[in-house]
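So this block is query_2.tsv, TSV, C-alpha atoms:
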chain	number	residue	atom	x	y	z
A	71	MET	CA	15.86	56.38	86.15
A	72	LYS	CA	13.27	57.64	83.68
A	73	HIS	CA	11.28	55.43	81.39
A	74	LEU	CA	11.72	55.62	77.65
A	75	PRO	CA	8.99	57.40	75.72
A	76	LYS	CA	6.43	55.03	74.23
A	77	HIS	CA	7.70	55.48	70.67
A	78	LEU	CA	11.21	54.39	71.76
A	79	GLN	CA	10.20	51.34	73.78
A	80	PRO	CA	10.88	47.96	72.15
A	81	ARG	CA	7.89	46.30	70.55
A	82	TRP	CA	7.41	42.55	70.96
A	83	ARG	CA	5.68	39.69	69.20
A	84	TYR	CA	4.79	36.43	70.90
A	85	LEU	CA	5.19	33.04	69.22
A	86	ALA	CA	2.88	30.26	70.37
A	87	VAL	CA	4.92	27.05	70.20
A	88	GLU	CA	3.85	23.41	70.59
A	89	LEU	CA	6.33	20.68	71.55
A	90	GLU	CA	6.00	16.94	71.05
A	91	THR	CA	8.37	14.19	72.05
A	92	TRP	CA	8.47	10.57	73.18
A	93	PRO	CA	6.49	9.69	76.34
A	94	ASP	CA	9.55	9.01	78.51
A	95	ALA	CA	11.20	12.41	77.88
A	96	ALA	CA	11.21	15.16	80.51
A	97	ILE	CA	11.80	18.71	79.27
A	98	ASP	CA	11.92	21.79	81.48
A	99	ARG	CA	11.80	25.51	80.73
A	100	ARG	CA	15.52	26.10	81.26
A	101	ALA	CA	16.52	23.38	78.77
A	102	PHE	CA	14.09	24.73	76.15
A	103	GLN	CA	15.37	28.29	76.68
A	104	ARG	CA	18.97	27.12	76.26
A	105	GLU	CA	18.13	25.31	73.01
A	106	CYS	CA	16.33	28.42	71.69
A	107	TRP	CA	19.42	30.53	72.37
A	108	TYR	CA	21.79	27.96	70.81
A	109	ALA	CA	19.60	27.56	67.72
A	110	ALA	CA	19.34	31.34	67.25
A	111	GLN	CA	23.07	31.81	67.73
A	112	ASN	CA	23.98	29.00	65.33
A	113	LEU	CA	21.55	30.10	62.61
A	114	LEU	CA	21.56	33.90	62.97
A	115	GLY	CA	24.97	34.52	64.49
A	116	ASP	CA	25.69	36.65	67.55
A	117	PRO	CA	24.28	39.96	66.20
A	118	GLY	CA	21.17	38.31	64.76
A	119	SER	CA	20.38	36.33	67.90
A	120	ALA	CA	20.89	39.42	70.06
A	121	HIS	CA	18.61	41.44	67.80
A	122	ALA	CA	15.87	38.75	67.86
A	123	ASP	CA	16.17	38.48	71.68
A	124	MET	CA	14.26	35.19	71.96
A	125	THR	CA	12.97	34.64	75.50
A	126	VAL	CA	10.72	31.86	76.78
A	127	LEU	CA	8.00	33.50	78.87
A	128	ARG	CA	5.55	30.67	79.52
A	129	PHE	CA	6.30	26.97	79.43
A	130	GLU	CA	4.21	23.90	80.21
A	131	PHE	CA	5.20	20.31	79.51
A	132	ALA	CA	3.34	17.19	80.62
A	133	GLY	CA	3.70	13.68	79.28
A	134	GLU	CA	4.77	13.88	75.67
A	135	THR	CA	3.35	17.28	74.69
A	136	GLY	CA	3.96	20.83	75.79
A	137	GLU	CA	3.33	24.47	75.00
A	138	ALA	CA	5.43	27.61	75.24
A	139	ILE	CA	5.23	31.34	74.55
A	140	VAL	CA	8.44	32.77	73.08
A	141	ARG	CA	8.92	36.54	72.99
A	142	VAL	CA	10.81	38.10	70.04
A	143	ARG	CA	11.30	41.63	68.78
A	144	ARG	CA	8.86	42.93	66.20
A	145	GLY	CA	10.30	42.43	62.73
A	146	GLU	CA	12.33	39.40	63.81
A	147	THR	CA	9.55	36.82	63.78
A	148	GLU	CA	10.68	35.03	60.61
A	149	PRO	CA	14.30	34.56	61.78
A	150	ALA	CA	12.96	33.38	65.16
A	151	ARG	CA	10.66	30.87	63.46
A	152	ALA	CA	13.60	29.58	61.44
A	153	ALA	CA	15.71	29.23	64.59
A	154	LEU	CA	12.91	27.30	66.34
A	155	ALA	CA	12.66	25.01	63.33
A	156	CYS	CA	16.32	24.08	63.84
A	157	ILE	CA	15.61	22.57	67.28
A	158	ASP	CA	15.44	18.80	66.97
A	159	GLU	CA	16.70	17.65	70.35
A	160	ILE	CA	16.45	18.92	73.93
A	161	ASP	CA	18.55	17.28	76.66
A	162	GLY	CA	19.16	14.25	74.45
A	163	ALA	CA	15.46	13.68	73.69
A	164	ALA	CA	14.20	14.01	70.13
A	165	VAL	CA	11.58	16.74	69.94
A	166	GLY	CA	9.22	18.22	67.36
A	167	VAL	CA	8.69	21.99	67.54
A	168	ARG	CA	5.78	23.70	65.79
A	169	VAL	CA	4.98	27.42	65.77
A	170	CYS	CA	1.17	27.65	65.95
A	171	GLY	CA	0.95	31.38	65.44
A	172	ILE	CA	2.24	34.88	66.15
A	173	SER	CA	0.43	37.49	68.21
A	174	GLY	CA	0.96	40.96	69.61
A	175	THR	CA	0.05	40.06	73.20
A	176	ILE	CA	0.59	37.06	75.44
A	177	ARG	CA	-3.09	36.75	76.19
A	178	ALA	CA	-4.08	36.70	72.51
A	179	ALA	CA	-1.41	34.08	71.75
A	180	GLU	CA	-2.70	31.83	74.52
A	181	GLU	CA	-6.36	32.23	73.59
A	182	LYS	CA	-5.95	31.88	69.83
A	183	TYR	CA	-3.24	29.27	69.50
A	184	LEU	CA	-2.73	27.40	72.77
A	185	GLY	CA	-4.97	25.59	75.18
A	186	ARG	CA	-7.13	23.97	72.50
A	187	ARG	CA	-5.00	20.88	72.42
A	188	GLY	CA	-7.36	18.40	74.03
A	189	GLN	CA	-5.63	15.27	72.85
A	190	ASP	CA	-5.98	12.43	75.31
A	191	SER	CA	-3.53	9.57	75.38
A	192	GLU	CA	-3.85	6.11	76.81
A	193	LYS	CA	-1.54	3.14	77.27
A	194	ARG	CA	-2.64	-0.05	75.52
A	195	ASN	CA	-1.14	-3.34	74.47
A	196	VAL	CA	-0.78	-3.61	70.70
A	197	VAL	CA	0.63	-6.10	68.23
A	198	PHE	CA	3.51	-4.47	66.40
A	199	GLY	CA	6.09	-6.42	64.38
A	200	ASN	CA	4.38	-9.75	65.26
A	201	GLU	CA	4.96	-9.11	68.98
A	202	GLU	CA	2.72	-7.77	71.71
A	203	ARG	CA	4.06	-4.44	72.98
A	204	VAL	CA	2.98	-1.49	75.10
A	205	ALA	CA	2.01	1.66	73.19
A	206	VAL	CA	0.79	5.17	74.00
A	207	LEU	CA	-2.18	5.87	71.72
A	208	ARG	CA	-3.30	9.36	70.61
A	209	GLU	CA	-6.05	9.77	68.01
A	210	CYS	CA	-4.78	7.74	65.01
A	211	VAL	CA	-1.09	7.54	65.98
A	212	ALA	CA	0.82	5.46	68.50
A	213	ASP	CA	4.24	5.53	70.15
A	214	VAL	CA	5.17	1.84	70.42
A	215	ARG	CA	7.70	0.91	73.10
A	216	LEU	CA	10.59	-1.11	71.66
A	217	ASP	CA	13.50	-2.46	73.71
A	218	GLU	CA	15.22	0.87	74.49
A	219	ALA	CA	13.27	3.42	72.45
A	220	PHE	CA	9.94	4.25	70.86
A	221	ALA	CA	8.72	3.83	67.29
A	222	GLY	CA	6.05	6.08	65.81
A	223	ALA	CA	3.22	4.20	64.12
A	224	THR	CA	-0.16	4.92	62.57
A	225	ASP	CA	-3.31	2.87	63.13
A	226	LEU	CA	-2.46	0.88	59.97
A	227	ASP	CA	0.86	-0.32	61.47
A	228	TYR	CA	-0.48	-2.07	64.57
A	229	ASP	CA	-3.41	-4.16	65.83
A	230	LEU	CA	-5.02	-3.83	69.24
A	231	ALA	CA	-4.24	-6.82	71.43

Rewrite the coordinates I just gave you, this time as structure tokens.
Amino acid sequence: MKHLPKHLQPRWRYLAVELETWPDAAIDRRAFQRECWYAAQNLLGDPGSAHADMTVLRFEFAGETGEAIVRVRRGETEPARAALACIDEIDGAAVGVRVCGISGTIRAAEEKYLGRRGQDSEKRNVVFGNEERVAVLRECVADVRLDEAFAGATDLDYDLA
């Protein structure tokens, strides 16, 4: 089978995506890919999602944050961004999705937009709602462990125990 001439080959753009969720959530590449497809199909319809052709190429998730590279066809970056913005839950876990940037190559997307997230987190005991609780602290925000869930709080909402 012959290759297509260069001017007929599909051109791609790569979206650098950051994910954030609660500390007890576990998200894998397959679940994120499935949610991307469902979001594109629900927002853009079958022809639109097929034309955007969203594919997760790289995926890393550790703790409560993660990064991904999503490949889309050139000219379909805005519909793909809108579809990614519709994702609010993956495998029952609430998730925040943020597109950091768009690039023409995978390498440029990784170097420009990913890998600079050096946010360290630590577990500490804090006083929240007049009770001592365990929290995961990152910069000036905290995820405070309640009975069955987490509550997001800023440094003004809690005191270190």

Task: Counting all atoms listed in the file, the option among A:Ile157, A:Ala109, A:Ala132, A:Leu85 closest to Lys182 (chain A) - done: A:Leu85

Open item on the list: Here's a test: counting all atoms listed in the file, identify every protein, DNA and RNA residue with an atom at most 9 Å from (-6.4, 9.2, 66.8) in the file's coordinate frame, and state them as a PyMOL selection string.
Closed with: chain A and resi 189+207-212+224-225

Restricted to C-alpha atoms, what would the selected residues look like written as a PDB file, in the coordinates of the input?
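Result went into result_12.pdb, see below:
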ATOM      1  CA  GLN A 189      -5.630  15.270  72.850  1.00  0.00           C
ATOM      2  CA  LEU A 207      -2.180   5.870  71.720  1.00  0.00           C
ATOM      3  CA  ARG A 208      -3.300   9.360  70.610  1.00  0.00           C
ATOM      4  CA  GLU A 209      -6.050   9.770  68.010  1.00  0.00           C
ATOM      5  CA  CYS A 210      -4.780   7.740  65.010  1.00  0.00           C
ATOM      6  CA  VAL A 211      -1.090   7.540  65.980  1.00  0.00           C
ATOM      7  CA  ALA A 212       0.820   5.460  68.500  1.00  0.00           C
ATOM      8  CA  THR A 224      -0.160   4.920  62.570  1.00  0.00           C
ATOM      9  CA  ASP A 225      -3.310   2.870  63.130  1.00  0.00           C
TER      10      ASP A 225
END

Open item on the list: Show me, as a PyMOL selection string, the residues that have an atom within 8 Å of region 137-152 of chain A when counting all atoms listed in the file, minus same-chain residues fewer than 6 positions from it.
Closed with: chain A and resi 80-89+110+114+121-131+169+172+176+179-180+184

TODO: Work out how far CA of Ala163 (chain A) is from CA of Ala96 (chain A), in Å to one decimal.
DONE: 8.2 Å

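Proximity to Gly133 (chain A) was assessed for A:Phe102, A:Trp107, A:Trp92, A:Tyr228 counting all atoms listed in the file; the smallest distance is recorded for A:Trp92.
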
Task: Å distance separating CA of Asp116 (chain A) from CA of Ser173 (chain A), one decimal place - done: 25.3 Å

Open item on the list: Would you compute the distance between CA of Thr135 (chain A) and CA of Gly185 (chain A)? Give it in Å to one decimal.
Closed with: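 Interatomic distance, CA of Thr135 (chain A) to CA of Gly185 (chain A): 11.8 Å.
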
Task: Closest of A:Ala153, A:Ala164, A:Met71, A:Cys170 to Phe220 (chain A) - atom-to-atom distances counting all atoms listed in the file - done: A:Ala164

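Of the residues listed (A:Glu181, A:Glu90, A:Asp229, A:Glu192), A:Glu90 shows the shortest atom-to-atom separation from Asp158 (chain A); distances use only C-alpha atoms.
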
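Once all atoms listed in the file are considered, the residues situated within 12 Å of the file point (18.3, 18.5, 73.1) turn out to be Thr91, Ala95, Ala96, Ile97, Asp98, Arg100, Ala101, Phe102, Gln103, Arg104, Glu105, Cys106, Tyr108, Ala109, Cys156, Ile157, Asp158, Glu159, Ile160, Asp161, Gly162, Ala163, Ala164, Val165, Gly166 and Val167 of chain A.
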
TODO: Select, from A:Ala231, A:Ser191, A:Tyr183, A:Gln111, the residue with the minimum atom-to-atom distance to Arg203 (chain A), counting all atoms listed in the file.
DONE: A:Ala231

Task: Selected residue, from A:Leu154, A:Ala178, A:Ala120, A:Val196, that lies nearest to Asp227 (chain A) when counting all atoms listed in the file - done: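 Among the listed residues, the smallest separation from Asp227 (chain A) belongs to A:Val196.
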